[in-house]
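Text of target-v4.csv, listed as CSV, C-alpha atoms:
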chain,number,residue,atom,x,y,z
N,1,MET,CA,72.7,72.4,83.1
N,2,LYS,CA,74.8,70.4,80.6
N,3,LYS,CA,76.1,67.0,81.7
N,4,TRP,CA,79.7,68.2,81.5
N,5,GLU,CA,79.0,71.1,83.8
N,6,GLU,CA,78.3,68.7,86.8
N,7,ASN,CA,82.0,68.2,87.5
N,8,ILE,CA,83.1,71.8,87.1
N,9,ARG,CA,84.4,73.6,90.2
N,10,LYS,CA,82.2,76.6,90.8
N,11,VAL,CA,83.1,79.4,93.2
N,12,GLU,CA,81.9,83.0,93.8
N,13,PRO,CA,84.9,85.0,92.6
N,14,TYR,CA,86.6,88.0,94.2
N,15,VAL,CA,85.4,91.3,92.7
N,16,PRO,CA,88.3,93.7,92.2
N,17,GLY,CA,88.0,97.4,92.3
N,18,GLU,CA,86.9,99.2,89.2
N,19,GLN,CA,89.7,100.3,86.8
N,20,PRO,CA,88.2,103.2,84.8
N,21,GLN,CA,89.5,103.7,81.3
N,22,LYS,CA,89.4,107.5,81.5
N,23,LYS,CA,91.3,110.1,83.6
N,24,VAL,CA,89.7,110.3,87.0
N,25,ILE,CA,90.7,110.9,90.6
N,26,LYS,CA,91.1,107.3,91.4
N,27,LEU,CA,90.8,106.6,95.2
N,28,ASN,CA,89.1,103.1,95.0
N,29,THR,CA,91.9,100.5,94.9
N,30,ASN,CA,94.4,101.7,97.5
N,31,GLU,CA,97.1,102.3,95.0
N,32,ASN,CA,100.0,104.6,95.8
N,33,PRO,CA,99.6,108.0,94.2
N,34,TYR,CA,103.3,108.5,93.7
N,35,PRO,CA,105.6,106.9,91.1
N,36,PRO,CA,108.0,104.0,92.0
N,37,ALA,CA,111.5,104.8,93.0
N,38,PRO,CA,113.5,106.6,90.2
N,39,GLY,CA,115.8,103.6,89.8
N,40,VAL,CA,112.9,101.4,88.7
N,41,ALA,CA,112.3,103.5,85.5
N,42,LYS,CA,116.0,103.6,84.8
N,43,ALA,CA,116.4,99.9,85.2
N,44,LEU,CA,113.5,99.1,82.9
N,45,ASN,CA,114.6,101.6,80.3
N,46,SER,CA,118.0,100.1,80.2
N,47,MET,CA,116.8,96.5,80.2
N,48,ASP,CA,118.2,94.3,77.4
N,49,THR,CA,115.1,93.1,75.6
N,50,ASP,CA,117.0,90.2,74.2
N,51,GLU,CA,116.8,88.8,77.8
N,52,LEU,CA,113.0,88.5,77.5
N,53,ARG,CA,113.4,85.5,75.2
N,54,LYS,CA,114.9,83.6,78.1
N,55,TYR,CA,113.1,82.2,81.2
N,56,PRO,CA,113.6,84.2,84.4
N,57,ASP,CA,115.4,82.9,87.4
N,58,PRO,CA,113.0,80.4,89.0
N,59,THR,CA,114.6,81.1,92.4
N,60,SER,CA,114.2,84.9,92.0
N,61,GLU,CA,117.6,85.0,93.7
N,62,SER,CA,118.4,88.7,93.1
N,63,LEU,CA,115.1,89.9,94.6
N,64,VAL,CA,115.1,87.4,97.4
N,65,CYS,CA,118.6,88.5,98.5
N,66,GLU,CA,117.7,92.2,98.4
N,67,MET,CA,114.6,91.6,100.5
N,68,ALA,CA,116.6,89.5,103.0
N,69,LYS,CA,119.2,92.3,103.3
N,70,PHE,CA,116.4,94.9,103.8
N,71,TYR,CA,114.7,92.9,106.6
N,72,GLY,CA,117.9,91.5,108.2
N,73,VAL,CA,116.9,87.9,107.6
N,74,LYS,CA,118.4,84.9,105.8
N,75,LYS,CA,117.6,84.6,102.1
N,76,GLU,CA,116.2,81.2,102.9
N,77,GLN,CA,113.5,83.0,104.9
N,78,VAL,CA,112.1,84.9,101.9
N,79,PHE,CA,109.6,83.8,99.3
N,80,VAL,CA,108.4,85.9,96.4
N,81,GLY,CA,105.4,85.6,94.1
N,82,VAL,CA,103.2,87.4,91.6
N,83,GLY,CA,101.6,89.9,94.0
N,84,SER,CA,100.7,89.0,97.6
N,85,ASP,CA,97.5,87.4,96.3
N,86,ASP,CA,99.7,84.7,94.6
N,87,VAL,CA,101.7,84.3,97.8
N,88,LEU,CA,98.6,84.0,99.9
N,89,ALA,CA,96.9,81.5,97.6
N,90,MET,CA,100.1,79.4,97.7
N,91,SER,CA,100.1,79.7,101.5
N,92,PHE,CA,96.5,78.5,101.7
N,93,LEU,CA,97.3,75.5,99.5
N,94,THR,CA,100.5,74.7,101.4
N,95,PHE,CA,99.6,75.2,105.1
N,96,PHE,CA,95.8,74.8,105.5
N,97,ASN,CA,95.3,71.1,105.1
N,98,SER,CA,94.2,69.7,108.5
N,99,GLY,CA,90.6,69.4,107.7
N,100,LYS,CA,89.8,71.6,110.6
N,101,PRO,CA,88.3,75.1,109.9
N,102,ILE,CA,90.7,78.0,109.5
N,103,LEU,CA,89.8,81.2,111.2
N,104,PHE,CA,89.7,84.8,109.8
N,105,PRO,CA,87.5,87.8,110.6
N,106,ASP,CA,84.0,88.3,109.1
N,107,LEU,CA,84.9,91.7,107.8
N,108,THR,CA,88.3,91.5,106.1
N,109,TYR,CA,90.0,90.9,102.7
N,110,SER,CA,87.2,89.0,100.9
N,111,PHE,CA,89.7,86.9,98.9
N,112,TYR,CA,90.3,84.7,102.0
N,113,LYS,CA,86.8,83.2,101.6
N,114,VAL,CA,87.3,82.7,97.9
N,115,TRP,CA,90.6,80.8,98.3
N,116,ALA,CA,89.1,78.7,101.1
N,117,GLU,CA,86.2,77.7,98.9
N,118,LEU,CA,88.3,77.1,95.9
N,119,PHE,CA,90.7,74.8,97.7
N,120,GLY,CA,87.9,73.1,99.7
N,121,ILE,CA,89.2,74.4,103.1
N,122,PRO,CA,86.6,74.7,105.9
N,123,TYR,CA,86.6,78.0,107.6
N,124,GLU,CA,84.9,80.1,110.3
N,125,CYS,CA,84.7,83.9,110.5
N,126,PRO,CA,84.6,85.3,114.0
N,127,LYS,CA,82.8,88.6,114.0
N,128,LEU,CA,84.6,91.9,114.6
N,129,ASP,CA,83.1,93.8,117.6
N,130,LYS,CA,80.9,96.9,117.2
N,131,ASP,CA,84.0,99.1,116.8
N,132,PHE,CA,85.3,96.8,114.0
N,133,ARG,CA,88.1,95.3,116.1
N,134,ILE,CA,89.3,91.7,116.1
N,135,GLN,CA,88.5,89.9,119.4
N,136,ARG,CA,91.6,87.9,120.2
N,137,GLN,CA,89.8,85.4,122.4
N,138,ASP,CA,87.8,84.3,119.3
N,139,TYR,CA,91.1,82.8,118.0
N,140,TYR,CA,91.9,80.7,121.1
N,141,LYS,CA,89.8,77.7,120.0
N,142,GLU,CA,90.9,74.6,118.0
N,143,ASN,CA,91.4,75.4,114.4
N,144,GLY,CA,93.3,74.5,111.2
N,145,GLY,CA,95.2,77.7,110.9
N,146,ILE,CA,94.7,81.5,111.2
N,147,ILE,CA,95.0,84.4,108.8
N,148,PHE,CA,94.2,88.1,109.5
N,149,PRO,CA,95.4,91.4,108.0
N,150,ASN,CA,97.2,93.9,110.1
N,151,PRO,CA,96.1,96.7,109.5
N,152,ASN,CA,92.8,95.1,108.7
N,153,ALA,CA,90.9,95.8,105.5
N,154,PRO,CA,88.6,97.6,104.9
N,155,THR,CA,88.7,99.2,108.3
N,156,GLY,CA,92.4,100.1,108.5
N,157,ILE,CA,92.6,99.2,112.1
N,158,TYR,CA,96.1,98.2,113.3
N,159,GLU,CA,96.8,95.9,116.2
N,160,ASN,CA,100.1,96.1,118.1
N,161,LEU,CA,102.6,93.3,118.4
N,162,ASP,CA,101.4,92.3,121.8
N,163,PHE,CA,98.0,91.5,120.3
N,164,VAL,CA,99.6,89.5,117.4
N,165,GLU,CA,101.9,87.6,119.8
N,166,ASP,CA,98.9,86.7,122.0
N,167,ILE,CA,97.3,85.0,119.1
N,168,LEU,CA,100.5,83.2,118.3
N,169,LYS,CA,100.9,82.0,121.9
N,170,HIS,CA,97.4,80.4,121.8
N,171,ASN,CA,98.0,78.8,118.4
N,172,GLU,CA,101.5,77.2,118.4
N,173,ASP,CA,100.3,74.0,116.6
N,174,VAL,CA,99.0,75.7,113.5
N,175,ILE,CA,100.3,78.2,110.9
N,176,VAL,CA,99.4,81.8,111.6
N,177,ILE,CA,99.6,84.1,108.6
N,178,VAL,CA,99.7,87.9,109.2
N,179,ASP,CA,98.8,89.7,106.0
N,180,GLU,CA,100.7,93.0,106.2
N,181,ALA,CA,99.8,94.7,102.9
N,182,TYR,CA,99.4,98.1,104.7
N,183,ILE,CA,102.0,97.7,107.5
N,184,ASP,CA,104.3,100.4,106.2
N,185,PHE,CA,101.7,103.0,107.0
N,186,ALA,CA,101.0,101.7,110.5
N,187,GLY,CA,103.5,100.4,113.0
N,188,PRO,CA,106.0,97.6,113.8
N,189,SER,CA,105.8,94.5,111.6
N,190,ALA,CA,105.3,91.0,112.9
N,191,VAL,CA,108.6,90.2,111.2
N,192,LEU,CA,110.0,91.2,114.6
N,193,LEU,CA,108.4,88.0,116.1
N,194,LEU,CA,109.8,85.5,113.6
N,195,GLU,CA,112.7,84.4,115.9
N,196,LYS,CA,110.2,83.5,118.6
N,197,TYR,CA,107.6,81.7,116.5
N,198,ASP,CA,108.4,79.1,113.8
N,199,ASN,CA,104.7,78.9,112.8
N,200,LEU,CA,104.4,82.5,111.8
N,201,LEU,CA,104.3,83.6,108.2
N,202,VAL,CA,104.3,87.4,107.4
N,203,VAL,CA,103.1,88.4,103.9
N,204,GLN,CA,103.7,91.8,102.4
N,205,THR,CA,103.4,93.4,98.9
N,206,PHE,CA,105.0,96.0,96.6
N,207,SER,CA,101.5,97.2,95.5
N,208,LYS,CA,101.0,99.8,98.3
N,209,ALA,CA,104.0,101.5,99.9
N,210,ARG,CA,106.3,100.7,97.0
N,211,SER,CA,104.0,102.0,94.2
N,212,MET,CA,104.2,98.9,92.1
N,213,ALA,CA,100.7,97.4,91.9
N,214,GLY,CA,101.1,97.1,88.2
N,215,MET,CA,104.3,95.0,88.5
N,216,ARG,CA,102.7,92.3,90.7
N,217,ILE,CA,105.3,91.5,93.4
N,218,GLY,CA,104.5,90.0,96.8
N,219,TYR,CA,106.5,88.2,99.3
N,220,ALA,CA,106.5,86.1,102.5
N,221,ILE,CA,109.0,86.0,105.3
N,222,GLY,CA,109.1,83.2,107.8
N,223,ASN,CA,110.9,80.2,109.2
N,224,GLU,CA,113.2,78.5,106.7
N,225,ARG,CA,111.1,75.3,106.8
N,226,LEU,CA,107.9,77.2,106.0
N,227,ILE,CA,109.6,78.9,103.0
N,228,ARG,CA,111.0,75.6,101.8
N,229,TYR,CA,107.5,74.1,101.9
N,230,LEU,CA,106.1,77.1,100.0
N,231,ASN,CA,108.8,76.8,97.3
N,232,ASP,CA,108.0,73.0,96.9
N,233,VAL,CA,104.4,73.9,96.2
N,234,LYS,CA,105.4,76.7,93.8
N,235,TYR,CA,107.7,74.5,91.8
N,236,SER,CA,104.9,71.9,91.6
N,237,PHE,CA,102.6,74.6,90.3
N,238,ASN,CA,104.5,77.1,88.2
N,239,SER,CA,108.3,77.4,88.4
N,240,TYR,CA,108.7,80.7,86.6
N,241,THR,CA,106.4,83.0,88.5
N,242,MET,CA,108.3,86.3,88.4
N,243,SER,CA,109.1,88.0,85.1
N,244,ARG,CA,112.6,89.3,84.4
N,245,ALA,CA,111.1,92.9,84.4
N,246,ALA,CA,109.5,92.4,87.8
N,247,LEU,CA,112.7,91.1,89.3
N,248,LEU,CA,114.7,93.9,88.0
N,249,ALA,CA,112.2,96.6,89.1
N,250,GLY,CA,111.8,95.0,92.5
N,251,VAL,CA,115.5,95.0,93.3
N,252,GLU,CA,115.8,98.7,92.4
N,253,SER,CA,112.8,99.6,94.5
N,254,VAL,CA,114.2,97.9,97.6
N,255,ARG,CA,117.6,99.5,97.2
N,256,ASP,CA,116.1,103.0,97.4
N,257,ARG,CA,115.2,103.0,101.1
N,258,SER,CA,115.1,106.8,101.4
N,259,TYR,CA,112.5,107.2,98.6
N,260,PHE,CA,110.4,104.5,100.1
N,261,GLU,CA,110.5,106.2,103.5
N,262,LYS,CA,109.8,109.7,102.0
N,263,THR,CA,106.7,108.7,100.0
N,264,THR,CA,105.3,106.6,102.8
N,265,GLU,CA,105.6,109.4,105.2
N,266,GLU,CA,103.9,111.8,102.8
N,267,ILE,CA,100.9,109.4,102.5
N,268,ILE,CA,100.7,109.2,106.3
N,269,LYS,CA,100.8,112.9,106.6
N,270,THR,CA,98.1,113.3,104.0
N,271,ARG,CA,96.0,110.6,105.7
N,272,GLU,CA,96.1,112.4,109.0
N,273,TRP,CA,95.2,115.7,107.4
N,274,ALA,CA,92.3,114.0,105.5
N,275,LYS,CA,90.9,112.7,108.8
N,276,GLY,CA,90.4,116.2,109.9
N,277,GLU,CA,88.7,117.2,106.7
N,278,PHE,CA,86.3,114.2,106.9
N,279,LEU,CA,85.4,115.1,110.5
N,280,ARG,CA,84.8,118.7,109.4
N,281,LEU,CA,82.2,117.4,106.9
N,282,GLY,CA,80.5,115.3,109.5
N,283,PHE,CA,81.9,111.9,108.7
N,284,SER,CA,83.1,109.3,111.2
N,285,PHE,CA,85.5,106.4,110.8
N,286,PRO,CA,87.7,103.9,112.6
N,287,ASP,CA,91.2,105.2,113.3
N,288,SER,CA,92.9,103.9,110.2
N,289,LYS,CA,96.6,103.2,110.0
N,290,ALA,CA,96.5,102.1,106.4
N,291,ASN,CA,96.6,104.2,103.2
N,292,PHE,CA,92.8,104.5,103.2
N,293,LEU,CA,89.9,105.6,105.4
N,294,PHE,CA,86.6,103.7,106.0
N,295,VAL,CA,84.1,106.6,106.4
N,296,THR,CA,80.4,106.9,107.1
N,297,HIS,CA,78.1,109.9,107.3
N,298,PRO,CA,75.0,110.0,109.6
N,299,ASP,CA,72.8,112.0,107.2
N,300,HIS,CA,73.8,110.6,103.8
N,301,GLU,CA,73.6,107.1,102.3
N,302,ALA,CA,77.1,105.8,101.3
N,303,LYS,CA,75.9,104.4,98.0
N,304,GLU,CA,74.4,107.8,97.1
N,305,ILE,CA,77.6,109.6,97.9
N,306,PHE,CA,79.5,106.9,95.9
N,307,GLU,CA,77.4,107.4,92.8
N,308,LYS,CA,77.5,111.2,93.0
N,309,LEU,CA,81.3,111.2,93.4
N,310,LYS,CA,81.5,109.0,90.4
N,311,GLU,CA,79.5,111.6,88.4
N,312,CYS,CA,82.3,114.1,89.4
N,313,ASP,CA,85.0,111.7,88.1
N,314,VAL,CA,86.1,110.8,91.7
N,315,TYR,CA,86.2,107.1,92.3
N,316,VAL,CA,86.0,105.6,95.8
N,317,ARG,CA,85.0,102.0,96.9
N,318,TYR,CA,81.5,100.9,98.0
N,319,PHE,CA,81.0,97.4,99.2
N,320,GLY,CA,77.4,97.1,100.3
N,321,GLY,CA,76.5,94.5,102.9
N,322,GLU,CA,74.8,94.5,106.3
N,323,ARG,CA,77.7,96.0,108.3
N,324,THR,CA,79.6,97.7,105.5
N,325,GLY,CA,76.8,99.2,103.5
N,326,ARG,CA,76.9,102.5,105.3
N,327,TYR,CA,80.6,103.0,104.6
N,328,LEU,CA,82.9,104.1,101.8
N,329,ARG,CA,86.5,103.1,101.6
N,330,VAL,CA,88.6,106.1,100.4
N,331,SER,CA,92.2,105.6,99.3
N,332,ILE,CA,94.7,108.3,100.2
N,333,GLY,CA,95.8,110.2,97.1
N,334,THR,CA,98.1,113.2,96.7
N,335,LYS,CA,97.1,116.3,98.7
N,336,GLU,CA,95.8,117.8,95.4
N,337,GLU,CA,93.6,114.8,94.7
N,338,MET,CA,92.3,114.8,98.2
N,339,GLU,CA,91.4,118.5,98.0
N,340,LYS,CA,89.4,117.8,94.9
N,341,LEU,CA,87.6,114.9,96.7
N,342,PHE,CA,86.7,117.2,99.6
N,343,ASP,CA,85.6,119.9,97.2
N,344,ALA,CA,83.2,117.4,95.5
N,345,LEU,CA,82.0,116.1,98.8
N,346,GLY,CA,81.3,119.6,100.0
N,347,ARG,CA,79.0,120.2,97.0
N,348,ILE,CA,77.3,116.8,97.3
N,349,LEU,CA,76.5,117.1,101.0
N,350,THR,CA,75.0,120.6,100.7
N,351,ARG,CA,72.7,119.9,97.7
As C-alpha cells, how would this structure be written, given the file I've shared?
Amino acid sequence: MKKWEENIRKVEPYVPGEQPQKKVIKLNTNENPYPPAPGVAKALNSMDTDELRKYPDPTSESLVCEMAKFYGVKKEQVFVGVGSDDVLAMSFLTFFNSGKPILFPDLTYSFYKVWAELFGIPYECPKLDKDFRIQRQDYYKENGGIIFPNPNAPTGIYENLDFVEDILKHNEDVIVIVDEAYIDFAGPSAVLLLEKYDNLLVVQTFSKARSMAGMRIGYAIGNERLIRYLNDVKYSFNSYTMSRAALLAGVESVRDRSYFEKTTEEIIKTREWAKGEFLRLGFSFPDSKANFLFVTHPDHEAKEIFEKLKECDVYVRYFGGERTGRYLRVSIGTKEEMEKLFDALGRILTR
C-alpha cells in the first residue's frame, strides 16, 4: 500500500443491476415497462435549449409545488433530489448523528449499509423471520434512528399502517424513515401518518411507478422542520441538484394522474397473473406487493436458472448470499415480456 492510501476512505460499494447494451427482456432492475406520461415527451421536445446554459432553480419550486398539491401537503413539507438514493443519502447525513446504532433489516436495500459505513454511522440489522417479515419488536430498543422499506426489497412484502405506526410509537425520540419506492403497487402510504408524527420522513421515487428511472427524481415528505434541515444540508453540499429537464419532466408526470393510475394498475394486474404462472411452474415466493417477485424453485438452483435465462436474453436479478442465494428477483414487465419469460422458464425447467 502506498503511503497516500492510508488516509483514503474505503468502502464496499453498492452493486447496481446489470444494464445490458443489447436488446433483451430486461427484468432485473425493477424499471417500469411502460413509457412516462405523454406530457413528459411533449415538454422535453418543446424545451428551449437556450435555458440549459442557465442554472436550474435551486429550490425546485415548480416540482415541489406540484408534489405538494398531489399529496395534499404544504410545499414546505416536500424535498426533492436526484433519485431517492440522493434523498436517502442526504437523510442519513442529516438525521443519523447520535452515535447510537441505527436499525434496518438484515435483508433489505443494500445501499443502507453502504451509506452507514460511508458516513461512519454505527448500525445493527435485526433479522427478518423465516417468512422474510420484519419483527416490529426488534425495533423497540434504544437506537439512533430507523429506516426500512415498505414494501421491503427484495422480498416485496408490504406491512400495513398499523405496523408502521407501532414502530413510530416506540421510537418518538429518533427519526424514522419509511422508504416507499414501491408503495404505489402496494397499499396506503405512511404519508397518512405525517400529521401525527413529526419524526417521520417518507421517501419515494419517480423511478418505479412513474417510469422515469433515467431522469433521476426522488423526494421526501415530512414535517416542515425535517425538510428545512434536509435543505440546509443540501445547500451545504450541492445547491443545484435537479436539472432543468428533470424538473420540467417531473411536473408533467405528476400532473397526469390518470396515466399514472392506469399504468400502475396494469403492472399490478400483470403481477397477480404472473404469480399464478410461477406457481404453475413449481416456484414459491413471498406475497409481493411491489413491481417484482422474489421466487425460488425446490428442484432447480437459482443461479443456474439465472444463467440459463441470460442465455435466452432474459435478464433477472440474482443476489447470492446465505438466505437469498436460492431466490431470483424478477421485475414485472409487460404481459408480452412476462409470457416470453415463462416460455423460457418452461424450456429450462424441462431440460
Notebook entry, point to check: What does the distance between atom CA of Arg326 of chain N and atom CA of Glu159 of chain N come to in Å, to one decimal place?
Noted result: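 Interatomic distance, atom CA of Arg326 of chain N to atom CA of Glu159 of chain N: 23.6 Å.
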Item checked: Point-to-point distance from atom CA of Val174 of chain N to atom CA of Glu117 of chain N, Å rounded to tenths ->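 Distance between the two atoms: 19.5 Å.
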Next item on the list: Would you kindly identify which residues have an atom no farther than 7 Å from (103.5, 105.7, 106.7), using only C-alpha atoms and the file's own coordinates, and write them out as a list of chain:residue names?
Entry: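 Output of the proximity query reads N:Asp184, N:Phe185, N:Ala186, N:Thr264, N:Glu265, N:Ile267, N:Ile268.
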Next item on the list: Kindly extract all protein, DNA and RNA residues lying within 12 Å of the coordinates (116.5, 84.7, 92.8) given in the file, considering all atoms listed in the file, and supply them as a PyMOL selection string.
Entry: chain N and resi 56-68+75-76+78-81+231+239-244+246-248+250-251
Take the residues from that selection and write them out as a PDB file, in the coordinates of the input, keeping C-alpha atoms.
ATOM      1  CA  PRO N  56     113.600  84.200  84.400  1.00  0.00           C
ATOM      2  CA  ASP N  57     115.400  82.900  87.400  1.00  0.00           C
ATOM      3  CA  PRO N  58     113.000  80.400  89.000  1.00  0.00           C
ATOM      4  CA  THR N  59     114.600  81.100  92.400  1.00  0.00           C
ATOM      5  CA  SER N  60     114.200  84.900  92.000  1.00  0.00           C
ATOM      6  CA  GLU N  61     117.600  85.000  93.700  1.00  0.00           C
ATOM      7  CA  SER N  62     118.400  88.700  93.100  1.00  0.00           C
ATOM      8  CA  LEU N  63     115.100  89.900  94.600  1.00  0.00           C
ATOM      9  CA  VAL N  64     115.100  87.400  97.400  1.00  0.00           C
ATOM     10  CA  CYS N  65     118.600  88.500  98.500  1.00  0.00           C
ATOM     11  CA  GLU N  66     117.700  92.200  98.400  1.00  0.00           C
ATOM     12  CA  MET N  67     114.600  91.600 100.500  1.00  0.00           C
ATOM     13  CA  ALA N  68     116.600  89.500 103.000  1.00  0.00           C
ATOM     14  CA  LYS N  75     117.600  84.600 102.100  1.00  0.00           C
ATOM     15  CA  GLU N  76     116.200  81.200 102.900  1.00  0.00           C
ATOM     16  CA  VAL N  78     112.100  84.900 101.900  1.00  0.00           C
ATOM     17  CA  PHE N  79     109.600  83.800  99.300  1.00  0.00           C
ATOM     18  CA  VAL N  80     108.400  85.900  96.400  1.00  0.00           C
ATOM     19  CA  GLY N  81     105.400  85.600  94.100  1.00  0.00           C
ATOM     20  CA  ASN N 231     108.800  76.800  97.300  1.00  0.00           C
ATOM     21  CA  SER N 239     108.300  77.400  88.400  1.00  0.00           C
ATOM     22  CA  TYR N 240     108.700  80.700  86.600  1.00  0.00           C
ATOM     23  CA  THR N 241     106.400  83.000  88.500  1.00  0.00           C
ATOM     24  CA  MET N 242     108.300  86.300  88.400  1.00  0.00           C
ATOM     25  CA  SER N 243     109.100  88.000  85.100  1.00  0.00           C
ATOM     26  CA  ARG N 244     112.600  89.300  84.400  1.00  0.00           C
ATOM     27  CA  ALA N 246     109.500  92.400  87.800  1.00  0.00           C
ATOM     28  CA  LEU N 247     112.700  91.100  89.300  1.00  0.00           C
ATOM     29  CA  LEU N 248     114.700  93.900  88.000  1.00  0.00           C
ATOM     30  CA  GLY N 250     111.800  95.000  92.500  1.00  0.00           C
ATOM     31  CA  VAL N 251     115.500  95.000  93.300  1.00  0.00           C
TER      32      VAL N 251
END
Check: Mind pulling up the distance from atom CA of Lys275 of chain N to atom CA of Gly333 of chain N?
Finding: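 Taking atom CA of Gly333 of chain N and atom CA of Lys275 of chain N, their separation equals 12.9 Å.
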